[in-house]
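Q: Contents are compact mmCIF, C-alpha atoms; file name data.txt:
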```
# COMPACT_ATOMS: atom_id res chain seq x y z
CA MET H 1 -12.34 87.66 34.01
CA THR H 2 -11.55 91.33 34.41
CA ASP H 3 -13.21 94.10 32.46
CA ILE H 4 -9.97 94.83 30.61
CA ALA H 5 -9.54 91.26 29.42
CA TYR H 6 -13.07 91.14 28.08
CA LYS H 7 -13.31 91.87 24.39
CA PRO H 8 -16.55 91.34 22.54
CA GLU H 9 -16.17 88.95 19.62
CA PRO H 10 -16.15 91.11 16.48
CA ALA H 11 -18.91 90.20 14.06
CA LEU H 12 -17.15 88.54 11.15
CA GLY H 13 -19.05 88.28 7.93
CA GLY H 14 -18.60 86.45 4.67
CA TRP H 15 -15.03 85.70 3.66
CA ARG H 16 -13.41 86.74 6.97
CA ARG H 17 -15.67 84.42 8.88
CA PHE H 18 -15.08 81.61 6.40
CA SER H 19 -11.30 81.98 6.28
CA SER H 20 -10.89 82.27 10.04
CA ALA H 21 -11.50 78.50 10.31
CA GLU H 22 -8.06 77.85 8.74
CA PRO H 23 -6.35 81.14 7.77
CA ALA H 24 -3.18 79.55 6.32
CA LEU H 25 -5.06 77.29 3.90
CA ALA H 26 -7.51 80.08 3.05
CA ALA H 27 -4.64 82.41 2.10
CA THR H 28 -2.99 79.62 0.09
CA GLY H 29 -6.23 79.02 -1.81
CA VAL H 30 -6.65 82.70 -2.65
CA MET H 31 -3.04 82.91 -3.85
CA MET H 32 -3.66 79.93 -6.15
CA LEU H 33 -6.69 81.73 -7.59
CA ILE H 34 -4.73 84.97 -8.06
CA MET H 35 -1.99 83.07 -9.89
CA MET H 36 -4.59 81.96 -12.43
CA LEU H 37 -4.61 85.50 -13.86
CA PRO H 38 -0.96 85.63 -15.05
CA THR H 39 -1.12 81.94 -16.00
CA THR H 40 -4.14 82.62 -18.20
CA LEU H 41 -2.28 85.52 -19.83
CA ALA H 42 0.69 83.18 -20.41
CA LEU H 43 -1.70 80.66 -22.00
CA LEU H 44 -2.96 83.34 -24.37
CA ILE H 45 0.49 84.46 -25.58
CA GLU H 46 2.21 81.03 -25.58
CA VAL H 47 3.32 79.55 -28.90
CA ARG H 48 4.97 76.30 -27.71
CA THR H 49 3.23 72.98 -26.99
CA VAL H 50 3.85 70.10 -24.56
CA ASN H 51 2.30 66.71 -25.42
CA GLY H 52 0.40 68.47 -28.18
CA ILE H 53 -1.31 71.08 -25.99
CA ASN H 54 -0.55 74.54 -24.60
CA PRO H 55 1.88 74.10 -21.64
CA TRP H 56 -0.14 76.49 -19.43
CA ILE H 57 -3.27 74.32 -19.34
CA LYS H 58 -1.66 72.05 -16.77
CA PRO H 59 -0.56 74.80 -14.33
CA LEU H 60 -4.02 76.35 -14.65
CA LYS H 61 -5.65 73.01 -13.78
CA PHE H 62 -3.36 72.60 -10.77
CA GLN H 63 -3.95 76.15 -9.55
CA PHE H 64 -7.69 75.60 -9.77
CA SER H 65 -7.46 72.15 -8.15
CA LEU H 66 -5.22 73.29 -5.31
CA ALA H 67 -7.50 76.28 -4.68
CA ALA H 68 -10.52 73.95 -4.59
CA TYR H 69 -8.59 71.56 -2.34
CA THR H 70 -7.41 74.16 0.19
CA LEU H 71 -10.72 76.06 0.27
CA THR H 72 -12.64 72.79 0.80
CA LEU H 73 -10.35 72.03 3.73
CA VAL H 74 -11.08 75.53 5.10
CA LEU H 75 -14.79 74.69 4.86
CA PHE H 76 -14.22 71.47 6.87
CA ALA H 77 -11.80 73.11 9.32
CA ARG H 78 -14.67 74.68 11.26
CA TYR H 79 -15.50 71.15 12.51
CA LEU H 80 -12.02 70.58 13.93
CA PRO H 81 -11.77 70.59 17.73
CA VAL H 82 -11.35 74.04 19.26
CA GLY H 83 -7.71 74.82 19.98
CA LEU H 84 -6.21 72.34 17.49
CA LEU H 85 -4.99 75.13 15.20
CA GLU H 86 -2.96 76.62 18.06
CA THR H 87 -1.11 73.43 18.96
CA ARG H 88 2.57 73.36 18.08
CA TRP H 89 2.53 70.13 16.05
CA TYR H 90 -0.42 71.34 13.98
CA ARG H 91 1.26 74.67 13.19
CA ARG H 92 4.44 72.89 12.10
CA PHE H 93 2.45 70.41 10.03
CA MET H 94 0.48 73.19 8.34
CA THR H 95 3.66 75.17 7.61
CA ALA H 96 5.06 72.08 5.87
CA VAL H 97 1.81 71.54 3.95
CA VAL H 98 1.65 75.12 2.69
CA PHE H 99 5.32 74.95 1.72
CA ALA H 100 4.66 71.70 -0.17
CA ILE H 101 1.73 73.27 -2.05
CA PHE H 102 3.81 76.24 -3.20
CA ALA H 103 6.76 73.98 -4.06
CA GLU H 104 4.50 71.85 -6.29
CA MET H 105 3.15 74.93 -8.02
CA ALA H 106 6.63 76.41 -8.53
CA TRP H 107 7.82 73.07 -9.95
CA ILE H 108 4.92 72.73 -12.39
CA MET H 109 5.17 76.36 -13.53
CA ALA H 110 8.95 76.23 -13.91
CA ALA H 111 8.62 73.10 -16.06
CA SER H 112 6.03 74.78 -18.29
CA ALA H 113 8.15 77.93 -18.50
CA SER H 114 11.06 75.77 -19.64
CA GLY H 115 8.84 74.33 -22.36
CA HIS H 116 8.60 70.73 -21.15
CA GLY H 117 6.35 68.66 -18.93
CA SER H 118 6.77 68.45 -15.16
CA HIS H 119 5.74 64.84 -14.48
CA PHE H 120 7.70 62.10 -16.31
CA TYR H 121 10.32 64.50 -17.66
CA GLU H 122 13.60 62.64 -17.76
CA GLU H 123 16.21 65.08 -18.98
CA GLY H 124 18.46 67.17 -16.78
CA LEU H 125 19.69 66.06 -13.38
CA ILE H 126 17.75 68.64 -11.36
CA TRP H 127 14.43 67.72 -12.96
CA ILE H 128 15.05 64.01 -12.44
CA ALA H 129 15.98 64.61 -8.80
CA LEU H 130 12.96 66.85 -8.22
CA TYR H 131 10.35 64.35 -9.41
CA PRO H 132 10.41 61.92 -6.45
CA LEU H 133 10.71 64.86 -4.05
CA MET H 134 7.56 66.36 -5.55
CA GLY H 135 5.88 62.98 -5.10
CA LEU H 136 6.67 63.16 -1.39
CA PHE H 137 5.36 66.71 -1.20
CA ALA H 138 2.16 65.59 -2.93
CA VAL H 139 1.65 62.89 -0.29
CA LEU H 140 2.39 65.42 2.45
CA LEU H 141 -0.13 67.98 1.20
CA THR H 142 -2.77 65.28 0.67
CA SER H 143 -2.21 63.92 4.18
CA THR H 144 -4.06 66.97 5.51
CA THR H 145 -7.25 65.08 4.62
CA THR H 146 -6.30 62.23 6.97
CA VAL H 147 -5.46 64.63 9.80
CA PHE H 148 -8.80 66.40 9.30
CA ALA H 149 -10.72 63.11 9.05
CA TRP H 150 -9.27 61.86 12.31
CA HIS H 151 -9.87 65.04 14.30
CA ILE H 152 -13.36 65.69 12.94
CA TRP H 153 -14.29 62.10 13.72
CA LYS H 154 -13.00 62.47 17.28
CA ASN H 155 -14.68 65.85 17.75
CA GLN H 156 -17.88 65.11 19.65
CA SER H 157 -18.90 68.77 19.76
CA ALA H 158 -18.74 69.34 15.99
CA ASP H 159 -21.95 70.98 14.82
CA LEU H 160 -22.73 68.27 12.25
CA SER H 161 -25.60 65.86 11.78
CA PRO H 162 -24.63 62.15 11.94
CA ALA H 163 -25.20 61.68 8.20
CA VAL H 164 -23.09 64.68 7.14
CA LYS H 165 -20.39 63.95 9.70
CA SER H 166 -19.95 60.39 8.44
CA GLY H 167 -19.83 61.69 4.85
CA VAL H 168 -17.18 64.30 5.68
CA VAL H 169 -15.08 61.81 7.68
CA ILE H 170 -15.33 58.97 5.14
CA GLY H 171 -14.68 61.31 2.18
CA LEU H 172 -11.62 62.80 3.85
CA ALA H 173 -10.36 59.43 5.09
CA LEU H 174 -10.69 57.82 1.66
CA THR H 175 -8.83 60.60 -0.17
CA LEU H 176 -5.23 59.87 0.89
CA PRO H 177 -5.12 56.06 0.52
CA ALA H 178 -7.09 56.06 -2.75
CA THR H 179 -4.93 58.87 -4.13
CA CYS H 180 -1.71 57.13 -3.10
CA ILE H 181 -2.75 53.93 -4.90
CA THR H 182 -3.99 55.55 -8.12
CA ALA H 183 -1.37 58.32 -8.31
CA GLY H 184 1.39 55.99 -7.14
CA TYR H 185 0.63 53.54 -9.95
CA LEU H 186 0.42 56.47 -12.36
CA ALA H 187 3.86 57.67 -11.25
CA GLY H 188 5.33 54.20 -11.78
CA ASN H 189 3.71 53.86 -15.20
CA GLY H 190 5.93 56.51 -16.82
CA GLY H 191 2.95 58.42 -18.22
CA HIS H 192 -0.82 58.64 -17.85
CA TRP H 193 -1.59 56.88 -21.16
CA VAL H 194 -2.16 53.12 -21.39
CA GLY H 195 -2.29 52.13 -25.06
CA GLY H 196 -3.73 54.78 -27.38
CA THR H 197 -1.95 57.88 -28.66
CA PRO H 198 0.50 59.50 -26.21
CA SER H 199 -0.93 62.98 -26.81
CA ASP H 200 -3.35 65.24 -24.93
CA ALA H 201 -4.48 67.00 -28.11
CA SER H 202 -7.79 65.13 -28.52
CA GLY H 203 -8.78 64.43 -24.92
CA LEU H 204 -12.23 64.52 -23.30
CA ALA H 205 -13.66 68.05 -23.04
CA PHE H 206 -12.32 70.05 -20.02
CA PHE H 207 -10.60 67.06 -18.38
CA GLY H 208 -8.42 66.10 -21.34
CA TRP H 209 -8.66 62.38 -20.61
CA ALA H 210 -7.60 60.04 -23.44
CA ARG H 211 -10.35 58.84 -25.79
CA ASP H 212 -8.53 56.03 -27.63
CA GLY H 213 -6.89 54.24 -24.71
CA GLY H 214 -6.67 54.10 -20.92
CA ASP H 215 -5.95 57.25 -18.89
CA LEU H 216 -4.74 56.74 -15.33
CA ARG H 217 -5.70 60.27 -14.37
CA VAL H 218 -9.40 59.33 -14.28
CA ALA H 219 -9.12 57.17 -11.15
CA HIS H 220 -6.70 59.67 -9.61
CA PHE H 221 -9.34 62.37 -10.16
CA PHE H 222 -12.14 60.42 -8.45
CA ALA H 223 -9.82 59.27 -5.65
CA THR H 224 -8.67 62.77 -4.84
CA HIS H 225 -12.21 64.16 -5.09
CA ALA H 226 -13.64 61.62 -2.64
CA MET H 227 -13.43 64.52 -0.18
CA HIS H 228 -15.91 66.42 -2.38
CA PHE H 229 -18.25 63.78 -3.77
CA ILE H 230 -18.98 61.84 -0.57
CA PRO H 231 -19.60 64.85 1.73
CA ALA H 232 -21.73 66.45 -1.02
CA PHE H 233 -23.78 63.25 -1.25
CA ALA H 234 -24.08 63.21 2.55
CA VAL H 235 -25.57 66.72 2.56
CA LEU H 236 -28.14 65.64 -0.07
CA SER H 237 -28.80 62.40 1.78
CA ALA H 238 -29.43 64.27 5.04
CA LEU H 239 -32.06 66.35 3.26
CA ILE H 240 -33.74 63.41 1.53
CA PHE H 241 -33.27 60.41 3.84
CA GLY H 242 -32.94 62.25 7.15
CA ALA H 243 -30.01 63.77 9.04
CA LYS H 244 -29.65 60.82 11.43
CA ASN H 245 -29.64 58.16 8.72
CA ARG H 246 -26.05 57.13 8.05
CA LEU H 247 -26.91 54.12 5.90
CA PRO H 248 -27.28 55.91 2.52
CA VAL H 249 -23.90 57.59 3.13
CA TYR H 250 -22.25 54.23 3.81
CA GLY H 251 -23.82 52.82 0.66
CA ALA H 252 -22.71 55.76 -1.46
CA SER H 253 -19.19 55.54 -0.02
CA ILE H 254 -18.91 51.89 -1.05
CA ALA H 255 -20.29 52.72 -4.50
CA PHE H 256 -17.81 55.58 -4.87
CA ALA H 257 -14.88 53.41 -3.81
CA ALA H 258 -16.06 50.92 -6.43
CA LEU H 259 -16.13 53.70 -9.05
CA ILE H 260 -12.51 54.52 -8.23
CA ALA H 261 -11.56 50.83 -8.50
CA ILE H 262 -13.46 50.37 -11.80
CA THR H 263 -11.97 53.45 -13.48
CA PHE H 264 -8.54 52.37 -12.22
CA VAL H 265 -8.80 48.85 -13.63
CA GLN H 266 -10.35 50.22 -16.83
CA ALA H 267 -7.33 52.47 -17.41
CA ILE H 268 -4.85 49.71 -16.57
CA ASN H 269 -6.58 47.60 -19.24
CA GLY H 270 -6.18 50.40 -21.78
CA GLN H 271 -9.87 51.30 -22.05
CA PRO H 272 -11.05 54.91 -22.18
CA PHE H 273 -13.40 56.28 -19.51
CA LEU H 274 -16.93 56.73 -20.91
CA GLY H 275 -15.69 55.26 -24.18
CA PHE H 276 -19.13 55.49 -25.78
CA LEU H 277 -18.79 59.30 -25.85
CA GLY H 278 -16.28 58.77 -28.66
CA MET R 279 2.78 91.85 -30.69
CA ALA R 280 5.24 93.21 -28.12
CA GLU R 281 5.06 96.65 -29.77
CA ASN R 282 1.25 96.77 -29.46
CA TRP R 283 1.29 95.75 -25.80
CA PHE R 284 4.02 98.31 -25.15
CA SER R 285 1.68 101.05 -26.42
CA ILE R 286 -1.29 99.73 -24.43
CA ALA R 287 0.79 99.51 -21.24
CA ASN R 288 2.07 103.07 -21.70
CA MET R 289 -1.48 104.32 -22.06
CA ALA R 290 -2.54 102.43 -18.93
CA ALA R 291 0.35 103.95 -16.98
CA LEU R 292 -0.40 107.43 -18.29
CA VAL R 293 -3.98 107.13 -17.04
CA GLY R 294 -2.53 106.37 -13.61
CA TRP R 295 -0.29 109.42 -13.65
CA LEU R 296 -3.18 111.67 -14.76
CA LEU R 297 -5.30 110.29 -11.93
CA LEU R 298 -2.46 111.06 -9.49
CA LEU R 299 -2.36 114.63 -10.79
CA ALA R 300 -6.10 114.86 -10.15
CA SER R 301 -5.78 113.11 -6.79
CA PRO R 302 -6.60 116.20 -4.66
CA PHE R 303 -10.11 115.96 -6.13
CA ILE R 304 -10.46 112.18 -6.54
CA PRO R 305 -8.15 110.68 -3.86
CA ARG R 306 -9.94 107.31 -3.59
CA LEU R 307 -10.08 106.64 -7.30
CA ALA R 308 -6.45 107.75 -7.77
CA ASP R 309 -5.25 105.48 -4.95
CA LEU R 310 -7.29 102.53 -6.16
CA TYR R 311 -6.00 102.72 -9.73
CA ALA R 312 -2.40 103.92 -9.29
CA ALA R 313 -1.51 101.94 -6.16
CA LEU R 314 -3.50 98.75 -6.76
CA VAL R 315 -5.29 98.08 -10.06
CA ALA R 316 -2.62 99.25 -12.53
CA PRO R 317 0.41 97.76 -10.71
CA CYS R 318 -1.44 94.43 -10.35
CA LEU R 319 -2.32 94.36 -14.05
CA PHE R 320 1.27 95.19 -14.97
CA ALA R 321 2.46 92.51 -12.56
CA ALA R 322 0.18 89.87 -14.10
CA ALA R 323 1.35 90.74 -17.61
CA TYR R 324 4.97 90.76 -16.41
CA VAL R 325 4.64 87.30 -14.87
CA ALA R 326 3.03 85.93 -18.04
CA LEU R 327 5.86 87.30 -20.21
CA ILE R 328 8.53 85.91 -17.90
CA LEU R 329 6.82 82.50 -17.79
CA VAL R 330 6.57 82.23 -21.56
CA TYR R 331 9.77 83.89 -22.78
CA PHE R 332 12.39 83.70 -20.06
CA SER R 333 13.60 80.24 -21.02
CA SER R 334 14.19 81.39 -24.62
CA SER R 335 16.79 83.91 -23.47
CA GLN R 336 20.51 83.13 -23.45
CA GLY R 337 21.12 85.78 -20.81
CA ALA R 338 22.06 85.68 -17.15
CA PHE R 339 21.96 88.05 -14.22
CA SER R 340 25.52 87.42 -13.08
CA THR R 341 27.14 89.84 -15.53
CA LEU R 342 26.02 93.11 -17.10
CA ALA R 343 26.56 91.62 -20.56
CA GLY R 344 24.34 88.74 -19.51
CA VAL R 345 21.58 91.14 -18.46
CA ALA R 346 21.90 92.91 -21.82
CA ARG R 347 21.38 89.56 -23.56
CA VAL R 348 18.16 88.99 -21.57
CA PHE R 349 16.77 92.19 -23.03
CA GLU R 350 17.64 91.17 -26.58
CA VAL R 351 14.36 89.25 -26.55
CA PRO R 352 11.69 91.93 -27.31
CA GLU R 353 9.11 90.29 -25.04
CA LEU R 354 11.54 90.32 -22.11
CA LEU R 355 12.38 93.95 -22.87
CA LEU R 356 8.64 94.60 -22.66
CA ALA R 357 8.57 92.75 -19.31
CA GLY R 358 11.40 94.97 -18.07
CA TRP R 359 9.49 98.04 -19.22
CA LEU R 360 6.33 96.85 -17.39
CA HIS R 361 8.49 96.52 -14.28
CA TYR R 362 9.43 100.21 -14.60
CA LEU R 363 5.85 101.29 -15.28
CA ALA R 364 4.45 99.31 -12.36
CA PHE R 365 6.97 100.35 -9.73
CA ASP R 366 7.23 104.00 -10.83
CA LEU R 367 3.46 104.36 -10.66
CA PHE R 368 3.39 102.59 -7.30
CA VAL R 369 6.01 104.99 -5.93
CA GLY R 370 4.06 107.93 -7.40
CA ALA R 371 0.94 106.76 -5.58
CA TRP R 372 2.95 106.32 -2.38
CA ILE R 373 4.27 109.90 -2.69
CA VAL R 374 0.73 111.21 -3.06
CA ARG R 375 -0.52 109.21 -0.06
CA THR R 376 2.44 110.14 2.11
CA ALA R 377 2.11 113.83 1.20
CA ARG R 378 -1.59 113.72 2.07
CA LYS R 379 -0.85 112.10 5.44
CA GLU R 380 1.91 114.60 6.25
CA ASN R 381 -0.04 117.63 5.02
CA ILE R 382 2.47 118.49 2.30
CA SER R 383 0.74 120.78 -0.18
CA PHE R 384 0.11 119.31 -3.59
CA PRO R 385 2.00 121.97 -5.68
CA LEU R 386 5.16 121.00 -3.78
CA ILE R 387 4.93 117.34 -4.78
CA PHE R 388 4.11 118.11 -8.39
CA PRO R 389 7.81 118.19 -9.42
CA CYS R 390 8.41 114.97 -7.44
CA LEU R 391 5.65 113.24 -9.39
CA PHE R 392 6.87 114.68 -12.67
CA PHE R 393 10.37 113.29 -12.15
CA THR R 394 9.14 109.95 -10.82
CA PHE R 395 7.14 109.64 -14.02
CA LEU R 396 10.12 110.40 -16.27
CA PHE R 397 13.18 109.26 -14.27
CA GLY R 398 11.79 107.21 -11.35
CA PRO R 399 14.56 107.50 -8.72
CA VAL R 400 15.00 111.25 -9.28
CA GLY R 401 11.44 111.88 -8.09
CA TYR R 402 11.89 109.65 -5.07
CA LEU R 403 15.09 111.48 -4.10
CA LEU R 404 13.38 114.87 -4.51
CA PHE R 405 10.46 113.83 -2.33
CA THR R 406 12.79 112.47 0.34
CA GLY R 407 14.69 115.77 0.27
CA LEU R 408 11.41 117.62 0.63
CA ARG R 409 10.50 115.59 3.71
CA VAL R 410 13.96 116.12 5.22
CA ALA R 411 13.59 119.86 4.69
CA ARG R 412 10.23 119.80 6.48
CA GLY R 413 11.70 117.83 9.37
CA ASN R 414 9.33 114.88 8.86
CA ARG R 415 10.22 111.53 10.25
CA LEU R 416 11.45 109.46 7.30
CA TRP R 417 10.89 106.03 8.69
CA ALA R 418 8.77 104.67 11.48
CA ALA R 419 7.66 101.24 12.62
CA GLU R 420 4.02 102.15 12.19
CA PRO R 421 2.20 105.39 11.50
CA GLY R 422 1.23 107.03 14.76
CA VAL R 423 3.52 104.85 16.86
CA SER R 424 6.27 106.83 18.58
CA ARG R 425 9.70 105.32 18.95
```
Please go through the file and, once you have read it, give me the structure as structure tokens.

A:
Amino acid sequence: MTDIAYKPEPALGGWRRFSSAEPALAATGVMMLIMMLPTTLALLIEVRTVNGINPWIKPLKFQFSLAAYTLTLVLFARYLPVGLLETRWYRRFMTAVVFAIFAEMAWIMAASASGHGSHFYEEGLIWIALYPLMGLFAVLLTSTTTVFAWHIWKNQSADLSPAVKSGVVIGLALTLPATCITAGYLAGNGGHWVGGTPSDASGLAFFGWARDGGDLRVAHFFATHAMHFIPAFAVLSALIFGAKNRLPVYGASIAFAALIAITFVQAINGQPFLGFLG
Amino acid sequence: MAENWFSIANMAALVGWLLLLASPFIPRLADLYAALVAPCLFAAAYVALILVYFSSSQGAFSTLAGVARVFEVPELLLAGWLHYLAFDLFVGAWIVRTARKENISFPLIFPCLFFTFLFGPVGYLLFTGLRVARGNRLWAAEPGVSR
């Protein structure tokens, strides 16, 4: 290496260091967070309702969720093999993923701006045609978890303890299939309510899940957040049961998969999640 | 409601213009507010108004009469006004920054700012004329990079 080619690595701190692991997803996450400001203002001045609630609650939830999703992936991206981000297929894949994320957001916001729901809205040819397309985009953007799971698993030089690595890989690997099953059923159901009142007006605090019948969004929530719950448990487990002990992580993964299955079946049977809360 | 927010927005813009007038003494604060904070706040409010009220309009952008119908909705008229406020102030801040970089004395840009404030494009045209008269390069790929 010549003197001219040598450049000392600049000391990156805080956000710049964090985002450098996956700059495209980091930027997407920040843009989702920034969009929460005008969406909150819209929520405050809105007078219409969709399914009994303010139409801007849903876009706000999605902006927050997609920010959490992309920024979590940025957190995991540091354990991807070196050089993966520069490969051609990965760059094309990530371009498609980022496009899909913005398309979903544009779709949901345009539906709210038009004063109707985005999912299960069956009037107007464009909206009917867009729905299955948005389903495909949702699968595409969620498939990032599978790509990450595979490459982190294969990465022998990832700076991760065995317990945390298995938690990250299992959590990421579980996210796409579990989401496809729960969200796929939800899409085919024609609405997230099973029995009960088809309104979101008196849902569970913050989440809005139905209290007088089944709500298919519960299982979808746990399925999609496998990538958060299982790695988070693995970090705790490494501290409590030891960093080389994978067994607690395996146990927790099975228990979490069971939780997804139970909440899924519960909703299909028309029972509310945590019904005793009233 | 639209009338109240109109007044608040005008005040917020006026603060920006006053800061630009005081920019020789407080350049950082003037830049921060007039080029970033105020335009972003206007933009957020603009987006919110468009999201909530655009679908209620019968207008269209394909004809001038259609555009006029868009602005029949007071909230969309307010959105249009915020657009003016945001971009005029942004251009004002750009004039101040560019003048500072090109060592144009502040009294010379005062009329440019005054007209940008009142009749946006007039001020921009004046400032461009001023730069032509001084023989400054009007466009460049990057500052400091020679073509």

Q: Could you give me, as a tab-separated table, every chain R residue with an atom at most 12 Å from chain H, plus its closest atom pair and distance in Å to one decimal, counting all atoms listed in the file, rows ordered by chain then number?

A:
```
residue	atom	partner	partner_atom	distance
R:Met279	CA	H:Ile45	CA	9.3
R:Ala280	CA	H:Ile45	CA	10.3
R:Trp283	CA	H:Ile45	CA	11.3
R:Cys318	CA	H:Pro38	CA	10.0
R:Leu319	CA	H:Pro38	CA	8.9
R:Phe320	CA	H:Pro38	CA	9.8
R:Ala321	CA	H:Pro38	CA	8.1
R:Ala322	CA	H:Pro38	CA	4.5
R:Ala323	CA	H:Pro38	CA	6.2
R:Tyr324	CA	H:Pro38	CA	8.0
R:Val325	CA	H:Pro38	CA	5.8
R:Ala326	CA	H:Ala42	CA	4.3
R:Leu327	CA	H:Ala42	CA	6.6
R:Ile328	CA	H:Ala113	CA	8.0
R:Leu329	CA	H:Ala113	CA	4.8
R:Val330	CA	H:Ala113	CA	5.5
R:Tyr331	CA	H:Ala113	CA	7.5
R:Phe332	CA	H:Ala113	CA	7.3
R:Ser333	CA	H:Ser114	CA	5.3
R:Ser334	CA	H:Ser114	CA	8.1
R:Ser335	CA	H:Ser114	CA	10.7
R:Glu353	CA	H:Ile45	CA	10.4
```

Q: Quote the spacing between CA of Trp107 (chain H) and CA of Gly29 (chain H) in Å to one decimal place.

A: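 We find that CA of Trp107 (chain H) and CA of Gly29 (chain H) lie 17.3 Å from each other.
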
Q: Using CA of Gly213 (chain H) and CA of Ile254 (chain H) as the two end points, give the distance in Å to one decimal.

A: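 Interatomic distance here is 26.6 Å.
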
Q: Give me, as a PyMOL selection string, all polymer residues having an atom no more than 7 Å from Ala308 (chain R), counting all atoms listed in the file and skipping those fewer than 4 positions away in the same chain.

A: chain R and resi 297-298+301+304+312

Q: Between R:Ile387, R:Met289, R:Val369, R:Leu360, single out the one closest to Leu404 (chain R), counting all atoms listed in the file.

A: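 Counting all atoms listed in the file, the residue closest to Leu404 (chain R) is R:Ile387.
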
Q: Mind giving me the straight-line distance from CA of Ala243 (chain H) to CA of Pro162 (chain H) in Å, one decimal?

A: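 Distance between the two atoms: 6.3 Å.
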
Q: Would you pick out the contacts of Thr72 (chain H) at 10 Å or less, using only C-alpha atoms, so that residues sharing its chain but fewer than 4 positions from it are not included, and give the list as JSON, numbers by chain?

A: {"H": [25, 26, 29, 66, 67, 68, 76, 77, 227, 228]}

Q: Which residues are near region 167-176 of chain H? Cut-off 7 Å, all atoms listed in the file, ignore same chain within fewer than 3 positions. Put them as a VMD selection string.

A: chain H and resid 142 to 143 145 to 146 149 152 to 153 163 to 164 179 to 180 223 to 228 230 to 231 234 249

Q: What would the file look like if the residues just selected were written as an mmCIF file, keeping the file's coordinate frame with C-alpha atoms?

A:
```
data_model
loop_
_atom_site.group_PDB
_atom_site.id
_atom_site.type_symbol
_atom_site.label_atom_id
_atom_site.label_comp_id
_atom_site.auth_asym_id
_atom_site.auth_seq_id
_atom_site.Cartn_x
_atom_site.Cartn_y
_atom_site.Cartn_z
ATOM 1 C CA THR H 142 -2.770 65.280 0.670
ATOM 2 C CA SER H 143 -2.210 63.920 4.180
ATOM 3 C CA THR H 145 -7.250 65.080 4.620
ATOM 4 C CA THR H 146 -6.300 62.230 6.970
ATOM 5 C CA ALA H 149 -10.720 63.110 9.050
ATOM 6 C CA ILE H 152 -13.360 65.690 12.940
ATOM 7 C CA TRP H 153 -14.290 62.100 13.720
ATOM 8 C CA ALA H 163 -25.200 61.680 8.200
ATOM 9 C CA VAL H 164 -23.090 64.680 7.140
ATOM 10 C CA THR H 179 -4.930 58.870 -4.130
ATOM 11 C CA CYS H 180 -1.710 57.130 -3.100
ATOM 12 C CA ALA H 223 -9.820 59.270 -5.650
ATOM 13 C CA THR H 224 -8.670 62.770 -4.840
ATOM 14 C CA HIS H 225 -12.210 64.160 -5.090
ATOM 15 C CA ALA H 226 -13.640 61.620 -2.640
ATOM 16 C CA MET H 227 -13.430 64.520 -0.180
ATOM 17 C CA HIS H 228 -15.910 66.420 -2.380
ATOM 18 C CA ILE H 230 -18.980 61.840 -0.570
ATOM 19 C CA PRO H 231 -19.600 64.850 1.730
ATOM 20 C CA ALA H 234 -24.080 63.210 2.550
ATOM 21 C CA VAL H 249 -23.900 57.590 3.130
#
```

Q: Leu408 (chain R): which residues within 10 Å, counting only C-alpha atoms, same-chain residues fewer than 4 positions away excluded, as a list in words?

A: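 Skipping anything fewer than 4 positions along the chain leaves Ile382, Leu386, Ile387, Cys390, Tyr402, Leu403, Leu404, Arg412, Gly413 and Asn414 of chain R.
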
Q: Would you write out those residues with C-alpha atoms, as a PDB file, in the frame of the given file?

A:
```pdb
ATOM      1  CA  ILE R 382       2.470 118.490   2.300  1.00  0.00           C
ATOM      2  CA  LEU R 386       5.160 121.000  -3.780  1.00  0.00           C
ATOM      3  CA  ILE R 387       4.930 117.340  -4.780  1.00  0.00           C
ATOM      4  CA  CYS R 390       8.410 114.970  -7.440  1.00  0.00           C
ATOM      5  CA  TYR R 402      11.890 109.650  -5.070  1.00  0.00           C
ATOM      6  CA  LEU R 403      15.090 111.480  -4.100  1.00  0.00           C
ATOM      7  CA  LEU R 404      13.380 114.870  -4.510  1.00  0.00           C
ATOM      8  CA  ARG R 412      10.230 119.800   6.480  1.00  0.00           C
ATOM      9  CA  GLY R 413      11.700 117.830   9.370  1.00  0.00           C
ATOM     10  CA  ASN R 414       9.330 114.880   8.860  1.00  0.00           C
TER      11      ASN R 414
END
```

Q: Within 12 Å of (2.9, 67.3, 3.8) (file coordinates; all atoms listed in the file), which protein or nucleic acid residues are there? I'd like them as a PyMOL selection string.

A: chain H and resi 90+92-104+133-147+176

Q: I need every residue sitting at most 9 Å from the point (-5.5, 55.8, -25.4) (coordinates as in the file, all atoms listed in the file considered), written as an mmCIF file with C-alpha atoms, keeping the file's coordinate frame.

A:
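Output file point.cif follows:
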```cif
data_model
loop_
_atom_site.group_PDB
_atom_site.id
_atom_site.type_symbol
_atom_site.label_atom_id
_atom_site.label_comp_id
_atom_site.auth_asym_id
_atom_site.auth_seq_id
_atom_site.Cartn_x
_atom_site.Cartn_y
_atom_site.Cartn_z
ATOM 1 C CA TRP H 193 -1.590 56.880 -21.160
ATOM 2 C CA VAL H 194 -2.160 53.120 -21.390
ATOM 3 C CA GLY H 195 -2.290 52.130 -25.060
ATOM 4 C CA GLY H 196 -3.730 54.780 -27.380
ATOM 5 C CA THR H 197 -1.950 57.880 -28.660
ATOM 6 C CA PRO H 198 0.500 59.500 -26.210
ATOM 7 C CA SER H 199 -0.930 62.980 -26.810
ATOM 8 C CA TRP H 209 -8.660 62.380 -20.610
ATOM 9 C CA ALA H 210 -7.600 60.040 -23.440
ATOM 10 C CA ARG H 211 -10.350 58.840 -25.790
ATOM 11 C CA ASP H 212 -8.530 56.030 -27.630
ATOM 12 C CA GLY H 213 -6.890 54.240 -24.710
ATOM 13 C CA GLY H 214 -6.670 54.100 -20.920
ATOM 14 C CA ASP H 215 -5.950 57.250 -18.890
ATOM 15 C CA ALA H 267 -7.330 52.470 -17.410
ATOM 16 C CA GLY H 270 -6.180 50.400 -21.780
ATOM 17 C CA GLN H 271 -9.870 51.300 -22.050
ATOM 18 C CA PRO H 272 -11.050 54.910 -22.180
#
```
